[in-house]
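Participant: Got run-v5.cif for you, mmCIF, C-alpha atoms:
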data_target
loop_
_atom_site.label_atom_id
_atom_site.label_comp_id
_atom_site.auth_asym_id
_atom_site.auth_seq_id
_atom_site.Cartn_x
_atom_site.Cartn_y
_atom_site.Cartn_z
CA MET A 1 -101.15 11.64 7.30
CA ASN A 2 -104.13 11.05 9.61
CA ARG A 3 -103.67 10.01 13.20
CA SER A 4 -104.72 6.35 12.90
CA LYS A 5 -102.40 5.68 9.98
CA ALA A 6 -99.55 7.33 11.83
CA LEU A 7 -100.15 5.00 14.78
CA LEU A 8 -100.10 1.96 12.52
CA LEU A 9 -96.69 2.98 11.28
CA ALA A 10 -95.47 3.69 14.78
CA GLY A 11 -96.77 0.38 16.12
CA VAL A 12 -93.68 -1.60 15.19
CA LEU A 13 -91.54 0.62 17.40
CA ALA A 14 -90.81 -0.08 21.03
CA ALA A 15 -93.65 0.81 23.35
CA GLY A 16 -93.51 4.41 24.46
CA THR A 17 -90.74 5.47 22.08
CA VAL A 18 -91.16 9.06 20.92
CA VAL A 19 -90.41 9.15 17.23
CA ALA A 20 -91.94 12.47 16.22
CA GLY A 21 -89.28 15.01 15.25
CA ALA A 22 -88.46 17.68 17.79
CA GLY A 23 -90.22 20.90 16.90
CA THR A 24 -90.68 24.24 18.54
CA GLY A 25 -93.29 25.72 20.85
CA ALA A 26 -96.35 23.63 21.69
CA ALA A 27 -95.46 20.85 19.23
CA ALA A 28 -92.13 20.28 20.97
CA ALA A 29 -93.83 20.07 24.39
CA ASP A 30 -96.51 17.65 23.24
CA PRO A 31 -95.19 14.51 21.48
CA CYS A 32 -98.75 13.70 20.38
CA ALA A 33 -99.15 16.99 18.50
CA GLY A 34 -96.81 16.15 15.62
CA SER A 35 -97.87 15.05 12.15
CA GLY A 36 -95.41 12.16 11.80
CA PRO A 37 -95.47 8.72 13.40
CA LEU A 38 -96.65 8.97 16.99
CA PRO A 39 -95.47 7.17 20.13
CA ARG A 40 -97.57 4.28 21.43
CA ALA A 41 -98.68 6.30 24.46
CA CYS A 42 -100.58 8.65 22.10
CA ALA A 43 -103.03 5.93 21.00
CA GLN A 44 -106.68 6.72 21.76
CA PRO A 45 -109.79 4.52 22.09
CA GLY A 46 -110.75 3.15 18.69
CA ASP A 47 -107.26 3.40 17.20
CA LEU A 48 -105.82 0.32 15.50
CA ILE A 49 -102.20 -0.33 16.38
CA ASP A 50 -99.67 -2.77 14.97
CA VAL A 51 -97.98 -4.86 17.67
CA THR A 52 -95.82 -7.94 18.08
CA LEU A 53 -97.01 -10.84 20.19
CA GLY A 54 -93.92 -10.61 22.36
CA GLU A 55 -94.72 -7.13 23.69
CA LEU A 56 -98.20 -7.96 24.99
CA HIS A 57 -98.91 -8.28 28.72
CA PRO A 58 -101.76 -10.64 29.72
CA THR A 59 -104.58 -9.53 32.01
CA GLN A 60 -105.51 -13.07 33.04
CA ALA A 61 -103.47 -15.91 34.49
CA VAL A 62 -105.40 -18.89 33.11
CA LEU A 63 -106.47 -20.28 29.76
CA GLY A 64 -108.69 -23.12 28.66
CA PHE A 65 -105.91 -25.28 27.25
CA ASP A 66 -108.31 -27.50 25.29
CA GLN A 67 -109.51 -24.46 23.34
CA VAL A 68 -105.92 -23.67 22.38
CA PHE A 69 -105.30 -27.35 21.57
CA TYR A 70 -108.24 -27.31 19.14
CA LYS A 71 -106.77 -24.31 17.35
CA LEU A 72 -103.29 -25.82 17.21
CA GLY A 73 -104.62 -29.13 15.97
CA ARG A 74 -106.49 -27.37 13.18
CA TYR A 75 -103.57 -25.07 12.34
CA GLY A 76 -101.19 -28.02 12.04
CA SER A 77 -103.53 -30.10 9.88
CA ASP A 78 -103.55 -30.09 6.08
CA ARG A 79 -107.22 -31.00 5.70
CA ASP A 80 -108.21 -27.44 4.76
CA GLU A 81 -105.67 -27.41 1.97
CA ALA A 82 -106.69 -30.91 0.86
CA ALA A 83 -110.25 -29.60 0.47
CA GLY A 84 -109.01 -26.75 -1.75
CA ASP A 85 -109.30 -24.12 0.99
CA VAL A 86 -106.74 -22.13 2.97
CA ASN A 87 -105.69 -23.18 6.44
CA LYS A 88 -107.95 -21.86 9.17
CA ARG A 89 -105.11 -19.92 10.80
CA PHE A 90 -105.08 -17.48 7.87
CA ASP A 91 -108.83 -16.86 8.29
CA ASP A 92 -108.33 -16.34 12.01
CA TRP A 93 -105.41 -13.95 11.48
CA CYS A 94 -107.30 -11.88 8.91
CA GLU A 95 -110.36 -11.64 11.18
CA THR A 96 -108.20 -10.67 14.15
CA ASN A 97 -106.41 -8.07 12.02
CA GLY A 98 -109.70 -6.43 11.03
CA GLN A 99 -109.58 -7.79 7.47
CA GLU A 100 -112.52 -10.24 7.51
CA GLU A 101 -111.09 -13.55 6.23
CA ALA A 102 -108.34 -14.98 4.03
CA ALA A 103 -108.61 -14.43 0.29
CA SER A 104 -105.58 -16.48 -0.76
CA ALA A 105 -102.56 -18.25 0.68
CA GLY A 106 -100.06 -19.70 -1.73
CA PRO A 107 -97.69 -22.63 -1.17
CA GLY A 108 -95.35 -21.88 1.68
CA ALA A 109 -97.52 -19.07 3.07
CA ARG A 110 -96.77 -18.19 6.68
CA LEU A 111 -98.46 -16.00 9.27
CA ASP A 112 -95.15 -14.33 10.06
CA ASP A 113 -94.93 -13.18 6.44
CA PRO A 114 -98.14 -11.25 5.62
CA SER A 115 -96.92 -10.74 2.04
CA SER A 116 -97.35 -14.51 1.48
CA PHE A 117 -101.16 -14.38 1.85
CA SER A 118 -103.98 -11.89 1.42
CA CYS A 119 -107.22 -10.99 3.19
CA THR A 120 -110.56 -10.05 1.64
CA VAL A 121 -110.46 -6.53 3.13
CA PRO A 122 -107.24 -4.58 2.45
CA VAL A 123 -105.62 -2.52 5.19
CA GLY A 124 -107.17 0.93 5.16
CA GLN A 125 -110.56 -0.31 3.93
CA GLU A 126 -111.83 -1.71 7.23
CA THR A 127 -115.46 -1.26 8.19
CA ALA A 128 -117.24 -1.24 11.53
CA GLU A 129 -118.19 -4.88 10.88
CA THR A 130 -114.61 -6.02 10.21
CA VAL A 131 -113.16 -4.07 13.14
CA ALA A 132 -115.71 -5.43 15.66
CA PRO A 133 -114.09 -8.92 16.03
CA MET A 134 -110.59 -7.50 16.57
CA LYS A 135 -108.88 -8.20 19.86
CA THR A 136 -108.42 -5.35 22.29
CA ALA A 137 -105.72 -3.75 24.41
CA VAL A 138 -105.26 -1.00 26.99
CA ILE A 139 -102.27 1.34 26.92
CA GLY A 140 -100.68 1.28 30.37
CA PRO A 141 -97.92 3.22 32.14
CA GLY A 142 -94.82 3.64 30.01
CA GLY A 143 -96.81 2.79 26.88
CA LYS A 144 -96.95 -0.91 27.80
CA LEU A 145 -99.68 -2.91 26.08
CA TYR A 146 -102.13 -4.93 28.16
CA LEU A 147 -104.22 -7.45 26.24
CA THR A 148 -107.85 -7.47 27.42
CA ASP A 149 -109.35 -9.83 24.83
CA GLY A 150 -107.78 -12.49 22.61
CA HIS A 151 -105.50 -14.41 24.97
CA HIS A 152 -106.53 -17.77 23.47
CA THR A 153 -106.35 -16.63 19.85
CA LEU A 154 -103.00 -14.88 20.14
CA THR A 155 -101.51 -17.72 22.19
CA SER A 156 -102.59 -20.07 19.40
CA PHE A 157 -100.84 -17.87 16.84
CA LEU A 158 -97.67 -17.80 18.94
CA GLU A 159 -97.66 -21.58 19.51
CA GLY A 160 -98.65 -22.37 15.91
CA PRO A 161 -96.48 -23.76 13.11
CA ASP A 162 -95.21 -20.31 12.08
CA GLY A 163 -95.58 -18.42 15.34
CA SER A 164 -93.06 -16.50 17.40
CA PRO A 165 -92.96 -13.46 19.70
CA ARG A 166 -91.97 -11.42 16.63
CA MET A 167 -95.25 -12.07 14.79
CA HIS A 168 -97.26 -8.93 14.02
CA ILE A 169 -100.98 -8.39 14.55
CA ARG A 170 -103.18 -5.34 14.94
CA LEU A 171 -105.23 -4.62 18.03
CA ARG A 172 -108.00 -2.14 18.79
CA VAL A 173 -107.30 0.25 21.66
CA THR A 174 -110.13 0.54 24.18
CA ASP A 175 -108.46 2.83 26.74
CA ASN A 176 -105.30 4.84 27.27
CA PHE A 177 -104.25 4.83 30.92
CA SER A 178 -100.61 5.59 30.24
CA ALA A 179 -100.65 8.74 32.39
CA LEU A 180 -101.51 6.77 35.54
CA SER A 181 -99.03 5.44 38.07
CA PRO A 182 -98.74 1.62 38.19
CA ALA A 183 -100.82 1.49 41.38
CA ALA A 184 -103.53 3.78 39.98
CA PHE A 185 -103.47 1.84 36.70
CA TRP A 186 -104.28 -1.46 38.36
CA GLN A 187 -106.93 0.18 40.53
CA ARG A 188 -108.58 1.51 37.38
CA MET A 189 -108.26 -1.80 35.53
CA THR A 190 -109.80 -3.66 38.47
CA ALA A 191 -112.62 -1.15 38.95
CA GLU A 192 -113.53 -1.31 35.25
CA LYS A 193 -113.24 -5.14 35.20
CA LYS A 194 -110.53 -5.16 32.55
CA VAL A 195 -108.45 -7.74 34.40
CA TRP A 196 -109.39 -11.26 35.56
CA LEU A 197 -107.78 -11.85 38.93
CA ARG A 198 -108.80 -15.44 39.64
CA ASP A 199 -106.73 -18.60 39.27
CA GLU A 200 -107.63 -21.96 37.73
CA ASN A 201 -109.53 -22.86 40.92
CA ASN A 202 -111.43 -19.54 40.96
CA ARG A 203 -109.35 -18.26 43.88
CA PRO A 204 -108.29 -14.58 44.04
CA LEU A 205 -104.95 -13.51 42.55
CA GLY A 206 -102.79 -10.44 42.90
CA VAL A 207 -101.72 -8.49 39.81
CA GLU A 208 -98.12 -9.55 40.51
CA GLN A 209 -99.19 -13.14 39.78
CA LEU A 210 -100.23 -12.37 36.20
CA PRO A 211 -97.95 -13.74 33.44
CA ASP A 212 -95.56 -11.23 31.95
CA ARG A 213 -95.97 -12.50 28.38
CA LEU A 214 -97.96 -14.79 26.11
CA GLY A 215 -97.21 -18.49 25.64
CA ILE A 216 -99.19 -21.48 26.92
CA THR A 217 -96.44 -22.38 29.39
CA HIS A 218 -96.93 -19.06 31.20
CA PHE A 219 -100.63 -19.74 31.94
CA ARG A 220 -102.51 -22.20 34.15
CA ASP A 221 -105.17 -24.50 32.71
CA ASP A 222 -108.80 -23.95 33.70
CA PRO A 223 -110.95 -26.84 32.40
CA TYR A 224 -114.12 -24.82 32.99
CA ARG A 225 -112.91 -22.16 30.57
CA SER A 226 -112.50 -24.86 27.90
CA LEU A 227 -115.92 -26.27 28.76
CA VAL A 228 -117.54 -22.89 28.15
CA TYR A 229 -115.82 -22.64 24.77
CA PHE A 230 -117.31 -25.95 23.65
CA THR A 231 -120.81 -24.93 24.80
CA ARG A 232 -120.75 -21.85 22.55
CA ASP A 233 -123.85 -21.69 20.30
CA ILE A 234 -125.24 -24.70 22.18
CA GLY A 235 -125.89 -23.25 25.63
CA TYR A 236 -125.00 -19.61 25.05
CA GLU A 237 -124.14 -17.18 22.26
CA VAL A 238 -121.64 -14.32 22.43
CA PRO A 239 -123.89 -11.23 22.60
CA ASP A 240 -123.23 -7.97 20.81
CA GLY A 241 -121.06 -5.70 22.92
CA ALA A 242 -119.91 -8.60 25.09
CA THR A 243 -117.80 -7.61 28.08
CA GLU A 244 -114.26 -8.84 28.62
CA PHE A 245 -113.91 -12.23 30.31
CA LEU A 246 -117.53 -13.24 29.59
CA GLU A 247 -116.54 -16.92 29.30
CA PHE A 248 -114.86 -16.86 32.71
CA SER A 249 -118.11 -15.65 34.25
CA TRP A 250 -119.90 -18.64 32.79
CA GLY A 251 -117.07 -20.87 33.98
CA SER A 252 -117.42 -19.58 37.53
CA TRP A 253 -121.11 -20.53 37.52
CA LEU A 254 -120.55 -23.94 35.94
CA ARG A 255 -117.98 -24.74 38.62
CA GLY A 256 -120.78 -24.90 41.14
CA GLU A 257 -123.05 -27.00 38.88
CA HIS A 258 -120.78 -29.64 37.32
CA ASP A 259 -117.62 -31.41 38.49
CA THR A 260 -115.17 -31.69 35.60
CA ALA A 261 -113.04 -34.08 37.69
CA ALA A 262 -115.84 -36.65 37.42
CA TYR A 263 -115.33 -36.92 33.65
CA ASP A 264 -112.46 -38.29 31.58
CA LEU A 265 -111.50 -35.17 29.63
CA THR A 266 -109.15 -37.13 27.38
CA ALA A 267 -111.96 -39.23 25.87
CA PRO A 268 -114.57 -37.82 23.45
CA GLY A 269 -117.57 -39.69 24.90
CA PRO A 270 -117.35 -38.45 28.51
CA TYR A 271 -116.23 -34.99 27.41
CA LEU A 272 -119.20 -34.62 25.05
CA ASP A 273 -121.55 -35.80 27.80
CA LEU A 274 -120.19 -33.06 30.07
CA VAL A 275 -120.70 -30.44 27.35
CA LYS A 276 -124.31 -31.61 26.88
CA ARG A 277 -125.11 -31.45 30.59
CA ALA A 278 -123.38 -28.10 31.08
CA SER A 279 -124.96 -26.44 28.04
CA LYS A 280 -128.43 -27.68 28.97
CA SER A 281 -128.10 -26.22 32.45
CA MET A 282 -127.01 -22.90 30.92
CA ALA A 283 -129.96 -22.79 28.52
CA ALA A 284 -132.37 -23.73 31.34
CA LEU A 285 -131.54 -20.61 33.34
CA ALA A 286 -134.09 -17.82 33.60
CA PRO A 287 -132.97 -14.76 31.62
CA ASP A 288 -132.73 -12.66 34.80
CA ALA A 289 -130.85 -15.29 36.82
CA VAL A 290 -127.59 -13.89 38.18
CA VAL A 291 -124.66 -15.92 36.89
CA ASP A 292 -121.55 -14.17 38.19
CA ASP A 293 -120.59 -10.79 39.63
CA GLY A 294 -124.06 -9.35 39.11
CA LYS A 295 -124.29 -10.36 35.44
CA THR A 296 -127.47 -12.12 34.37
CA ALA A 297 -127.83 -15.09 32.05
CA ALA A 298 -129.36 -12.83 29.38
CA GLN A 299 -126.44 -10.39 29.62
CA LEU A 300 -124.00 -13.27 29.19
CA GLY A 301 -125.76 -14.58 26.08
CA ARG A 302 -127.85 -17.45 27.40
CA ILE A 303 -129.40 -19.16 24.38
CA ASP A 304 -133.18 -19.19 24.07
CA GLU A 305 -133.36 -22.88 23.12
CA TRP A 306 -130.71 -25.49 23.76
CA ASN A 307 -128.76 -26.28 20.58
CA GLY A 308 -130.85 -23.78 18.65
CA GLY A 309 -133.97 -25.87 19.18
CA LYS A 310 -132.50 -28.87 17.34
CA LYS A 311 -132.07 -32.46 18.49
CA GLU A 312 -128.74 -33.90 19.62
CA THR A 313 -128.26 -35.35 16.14
CA GLY A 314 -128.31 -31.89 14.55
CA GLY A 315 -127.16 -28.34 15.07
CA GLU A 316 -123.93 -27.23 16.71
CA PHE A 317 -123.95 -30.08 19.21
CA ALA A 318 -123.81 -32.68 16.44
CA LYS A 319 -121.02 -30.74 14.70
CA LEU A 320 -119.02 -30.60 17.93
CA GLY A 321 -119.19 -34.36 18.38
CA LYS A 322 -118.05 -35.44 14.90
CA PRO A 323 -115.09 -37.85 15.15
CA LEU A 324 -111.63 -37.24 13.76
CA SER A 325 -112.36 -39.68 10.92
CA ASP A 326 -115.16 -37.43 9.63
CA PRO A 327 -114.33 -35.21 6.62
CA LYS A 328 -115.18 -32.28 8.91
CA PRO A 329 -114.15 -33.36 12.42
CA GLY A 330 -115.66 -31.59 15.41
CA LYS A 331 -113.69 -29.15 17.57
CA LEU A 332 -113.65 -31.62 20.44
CA ALA A 333 -112.03 -34.41 18.41
CA GLU A 334 -109.33 -32.10 17.08
CA ALA A 335 -108.63 -30.75 20.56
CA LEU A 336 -108.26 -34.22 22.05
CA ASP A 337 -106.09 -35.42 19.17
CA TYR A 338 -103.62 -32.60 19.81
CA LYS A 339 -103.91 -33.02 23.58
CA ALA A 340 -102.77 -36.64 23.25
CA ARG A 341 -99.44 -35.38 21.88
CA VAL A 342 -98.70 -33.29 24.96
CA LEU A 343 -96.28 -35.01 27.33
CA PRO A 344 -97.49 -35.03 30.94
CA LEU A 345 -95.26 -33.38 33.53
CA PRO A 346 -93.94 -35.47 36.43
CA ALA A 347 -95.15 -34.48 39.90
CA CYS A 348 -92.80 -32.04 41.63
CA THR A 349 -91.07 -33.08 44.86
CA THR A 350 -89.26 -29.73 45.16
CA THR A 351 -90.46 -26.44 43.67
CA VAL A 352 -88.38 -23.30 43.20
CA THR A 353 -90.11 -19.98 42.46
CA GLY A 354 -88.82 -16.44 42.39
CA PRO A 355 -85.09 -15.59 42.57
CA ARG A 356 -82.50 -18.15 43.64
CA ASN A 357 -78.76 -17.48 43.77
CA GLY A 358 -75.95 -19.96 43.26
CA PRO A 359 -75.51 -23.28 41.43
CA LEU A 360 -78.40 -25.73 41.56
CA VAL A 361 -77.51 -29.43 41.70
CA VAL A 362 -80.49 -31.82 41.44
CA THR A 363 -79.54 -35.13 43.05
CA GLY A 364 -82.91 -36.86 43.33
CA GLY A 365 -86.67 -36.54 42.97
CA VAL A 366 -88.31 -34.03 40.63
CA THR A 367 -87.17 -30.42 40.99
CA CYS A 368 -89.40 -27.85 39.30
CA LEU A 369 -88.35 -24.31 38.46
CA ASP A 370 -91.71 -22.59 38.13
CA ARG A 371 -91.46 -18.93 37.11
CA ALA A 372 -88.11 -18.85 38.85
CA ALA A 373 -84.99 -16.76 38.31
CA GLN A 374 -82.10 -19.20 38.81
CA ARG A 375 -78.86 -17.20 39.01
CA GLY A 376 -76.30 -19.89 38.40
CA PRO A 377 -75.77 -23.14 36.48
CA VAL A 378 -78.05 -26.17 36.82
CA VAL A 379 -76.78 -29.77 36.96
CA VAL A 380 -79.07 -32.81 37.05
CA ARG A 381 -77.52 -35.98 38.45
CA PRO A 382 -78.40 -39.57 37.42
CA GLY A 383 -81.83 -40.68 38.60
CA ALA A 384 -83.14 -37.14 39.13
CA ALA A 385 -85.62 -35.11 37.06
CA LEU A 386 -85.93 -31.42 36.19
CA VAL A 387 -88.94 -29.40 35.02
CA VAL A 388 -88.30 -25.78 34.00
CA THR A 389 -91.35 -23.70 33.04
CA GLY A 390 -91.52 -19.95 32.43
CA SER A 391 -88.17 -19.41 34.16
CA THR A 392 -84.72 -17.96 33.54
CA VAL A 393 -81.44 -19.76 34.14
CA ASP A 394 -78.35 -17.53 34.18
CA GLY A 395 -75.88 -20.18 33.17
CA PRO A 396 -75.63 -23.57 31.46
CA LEU A 397 -77.96 -26.53 32.03
CA GLN A 398 -76.53 -30.04 32.06
CA ALA A 399 -78.30 -33.35 32.71
CA ASP A 400 -76.77 -36.82 32.62
CA ARG A 401 -78.87 -39.99 32.94
CA ALA A 402 -81.83 -37.99 34.22
CA THR A 403 -85.23 -39.66 34.51
CA ALA A 404 -86.90 -36.66 32.80
CA VAL A 405 -86.06 -33.18 31.54
CA HIS A 406 -88.73 -30.67 30.55
CA LEU A 407 -87.74 -27.16 29.41
CA CYS A 408 -90.62 -24.93 28.33
CA GLY A 409 -91.08 -21.19 27.84
CA SER A 410 -87.77 -20.43 29.53
CA ARG A 411 -84.52 -18.59 28.89
CA VAL A 412 -81.16 -20.25 29.46
CA GLY A 413 -77.99 -18.14 29.42
CA GLY A 414 -75.68 -20.93 28.29
CA PRO A 415 -75.60 -24.28 26.50
CA VAL A 416 -78.12 -27.04 27.23
CA VAL A 417 -76.71 -30.59 27.23
CA VAL A 418 -78.92 -33.60 27.98
CA SER A 419 -77.27 -37.01 27.67
CA ARG A 420 -78.29 -40.64 28.31
CA SER A 421 -81.70 -39.73 29.72
CA THR A 422 -83.73 -42.70 30.93
CA GLY A 423 -87.06 -40.91 30.52
CA PRO A 424 -88.79 -38.26 28.42
CA VAL A 425 -86.95 -35.15 27.23
CA ARG A 426 -89.07 -32.22 26.13
CA ILE A 427 -87.49 -29.03 24.89
CA GLY A 428 -90.34 -27.28 23.07
CA GLY A 429 -93.06 -29.18 21.20
CA PRO A 430 -96.83 -29.59 21.72
CA GLY A 431 -98.05 -27.75 24.79
CA CYS A 432 -94.56 -26.42 25.50
CA THR A 433 -93.74 -22.82 24.61
CA ALA A 434 -90.46 -22.38 22.74
CA ASN A 435 -87.33 -21.48 24.70
CA THR A 436 -84.52 -18.98 24.23
CA VAL A 437 -81.09 -20.56 24.70
CA GLN A 438 -77.82 -18.63 24.45
CA GLY A 439 -75.64 -21.48 23.25
CA PRO A 440 -75.90 -24.90 21.61
CA VAL A 441 -78.56 -27.45 22.54
CA VAL A 442 -77.28 -31.03 22.54
CA VAL A 443 -79.54 -34.01 23.28
CA GLN A 444 -77.86 -37.41 23.16
#
Kindly present the structure from the file in structure tokens form.
Facilitator:
Amino acid sequence: MNRSKALLLAGVLAAGTVVAGAGTGAAAADPCAGSGPLPRACAQPGDLIDVTLGELHPTQAVLGFDQVFYKLGRYGSDRDEAAGDVNKRFDDWCETNGQEEAASAGPGARLDDPSSFSCTVPVGQETAETVAPMKTAVIGPGGKLYLTDGHHTLTSFLEGPDGSPRMHIRLRVTDNFSALSPAAFWQRMTAEKKVWLRDENNRPLGVEQLPDRLGITHFRDDPYRSLVYFTRDIGYEVPDGATEFLEFSWGSWLRGEHDTAAYDLTAPGPYLDLVKRASKSMAALAPDAVVDDGKTAAQLGRIDEWNGGKKETGGEFAKLGKPLSDPKPGKLAEALDYKARVLPLPACTTTVTGPRNGPLVVTGGVTCLDRAAQRGPVVVRPGAALVVTGSTVDGPLQADRATAVHLCGSRVGGPVVVSRSTGPVRIGGPGCTANTVQGPVVVQ
């Protein structure tokens, strides 16, 4: 068996697990010298490895939520099937898996069951062209996987109608830094610009502030990252050999040129006007103009002519602006339609982060557990509100006559009981990563 195929078989195993049989001599000393399935830490640049979404570690702390909302709106729609085609999520999965696009998807097909659909390029027959669009990862200390491209796509898979942390996908390895210490690993990742350490306001972050797993709840929303996505093929094109985080570089530049807060980003008209203004300013740049971190407009794919030289009524700009009532709605309309289903979070009056020991009793206001480790039960009294995002609660959660309860992307080590709430209750749903609850969930 050749090395790449062995890695594909080994990919479903826990990161760093040595599965090659113990031999003698040099083979016994080197776990990567065997002929059987190899441990994850043996993967080399160019290898394709099978992974689950739940084992991936992000290398950025923010997403453009509207880009994810477009994907989720499209994935949850039946318009592709009504037109005699397969749902877009199967095309996206096949492309991400190095298999070009979907060939078929029968009734009841699901992304978490690859036997229920097929791709045009079978596994083992990939070409340089089909491998090029695959998402990428770096092997870190202990064989951990660090995603360097594909945060939006894979988050969309996880949050989609058949997504979960157990879903499988293949990634292309760009580097193996597993032999480095954690400190040396992050120094190398930073030096080679394989990590984006800025927050949603373009302020510096430490590596300890990166999310530990995928899921929209674990990220912050950067509207400029979404804006760049909608300007694609209007103000810029993704160049061959594009570097990681190219869109964030454009977003950093646009932040100084356009104020997203001046536009209503829930309405198609103002949002489209912002896209037009932003994309025109991108296309108007000189090719050698420095955009961000020494990268020029030409290096970042600045388009030669705005909208491909076409008027506003044609080209990609016209496609983007098509309303939801159109047989082929634009990306913007589908994003905003899904966005309208996302419940807004109440403003926090008290925020808990990091570890906290002992019972938590919420008696008033809005208490938010934000990436917190609550070691003890949580009780919400009448008239109070609780927002739990990306956190763990070691114990039960009980709320009676609360004004709001939001539980997203969190783990609760006991039953969840919400009764007689006077306001919104959100436990999963649009824009809210699924939870893990050890016990019954009762909402009355």
Participant: Check the smallest atom-to-atom distance from each of A:Val417, A:Gln438, A:Ala105, A:Val387 to A:Asp80 using only C-alpha atoms, then report the winner.
Facilitator: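 The closest residue to A:Asp80 is A:Ala105.
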Participant: Which of these residues is nearest to A:Thr148, using only C-alpha atoms: A:Pro211, A:Pro58, A:Gly269, A:Gly163?
Facilitator: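 The closest residue to A:Thr148 is A:Pro58.
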Participant: Given the file shown, determine the residues that the PyMOL selection byres ((chain A and resi 316-323) around 10) selects; report them as a ChimeraX atom specification.
Facilitator: /A:230-235,268-269,271-273,275-276,279,306-308,310-315,324-334
Participant: Selected by the PyMOL selection byres ((chain A and resi 194) around 9) in the shown coordinates: which residues, as a ChimeraX atom specification?
Facilitator: /A:59,138,148,188-193,195-196,243-245
Participant: Which one of A:Gly98, A:Gly294, A:Gly256, A:Gly395 sits closest to A:Ile169 if you count only C-alpha atoms?
Facilitator: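 Under the stated criterion, the closest residue is A:Gly98.
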Participant: Between A:Ser115, A:Thr266, A:Asn87, A:Gln187, which is the closest to A:Gly160 once you count only C-alpha atoms?
Facilitator: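 Residue with the minimum atom-to-atom distance to A:Gly160: A:Asn87.
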Participant: So which residues touch A:Met282 within 10 Å, counting all atoms listed in the file, skipping near sequence neighbours fewer than 3 positions away, as a PyMOL selection string?
Facilitator: chain A and resi 228+231+234-236+250+253-254+257+276-279+285-286+291+297+301-304+306
Participant: List the spatial neighbours of A:Asp292 as an MDAnalysis selection string - criterion: any atom at most 10 Å away, all atoms listed in the file, same-chain residues fewer than 2 positions off excluded.
Facilitator: chainID A and resid 246 248:253 289:290 294:297 300
Participant: Need the shell around A:Asp112: protein/DNA/RNA residues with any atom at most 9 Å away, counting all atoms listed in the file. Skip same-chain ones fewer than 3 positions apart. Format as a CSV table (one decimal) with C-alpha atoms, in the frame of the given file?
Facilitator:
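Heads up, here's the output in out.csv:
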chain,number,residue,atom,x,y,z
A,109,ALA,CA,-97.5,-19.1,3.1
A,115,SER,CA,-96.9,-10.7,2.0
A,116,SER,CA,-97.4,-14.5,1.5
A,162,ASP,CA,-95.2,-20.3,12.1
A,163,GLY,CA,-95.6,-18.4,15.3
A,164,SER,CA,-93.1,-16.5,17.4
A,166,ARG,CA,-92.0,-11.4,16.6
A,167,MET,CA,-95.2,-12.1,14.8
A,168,HIS,CA,-97.3,-8.9,14.0
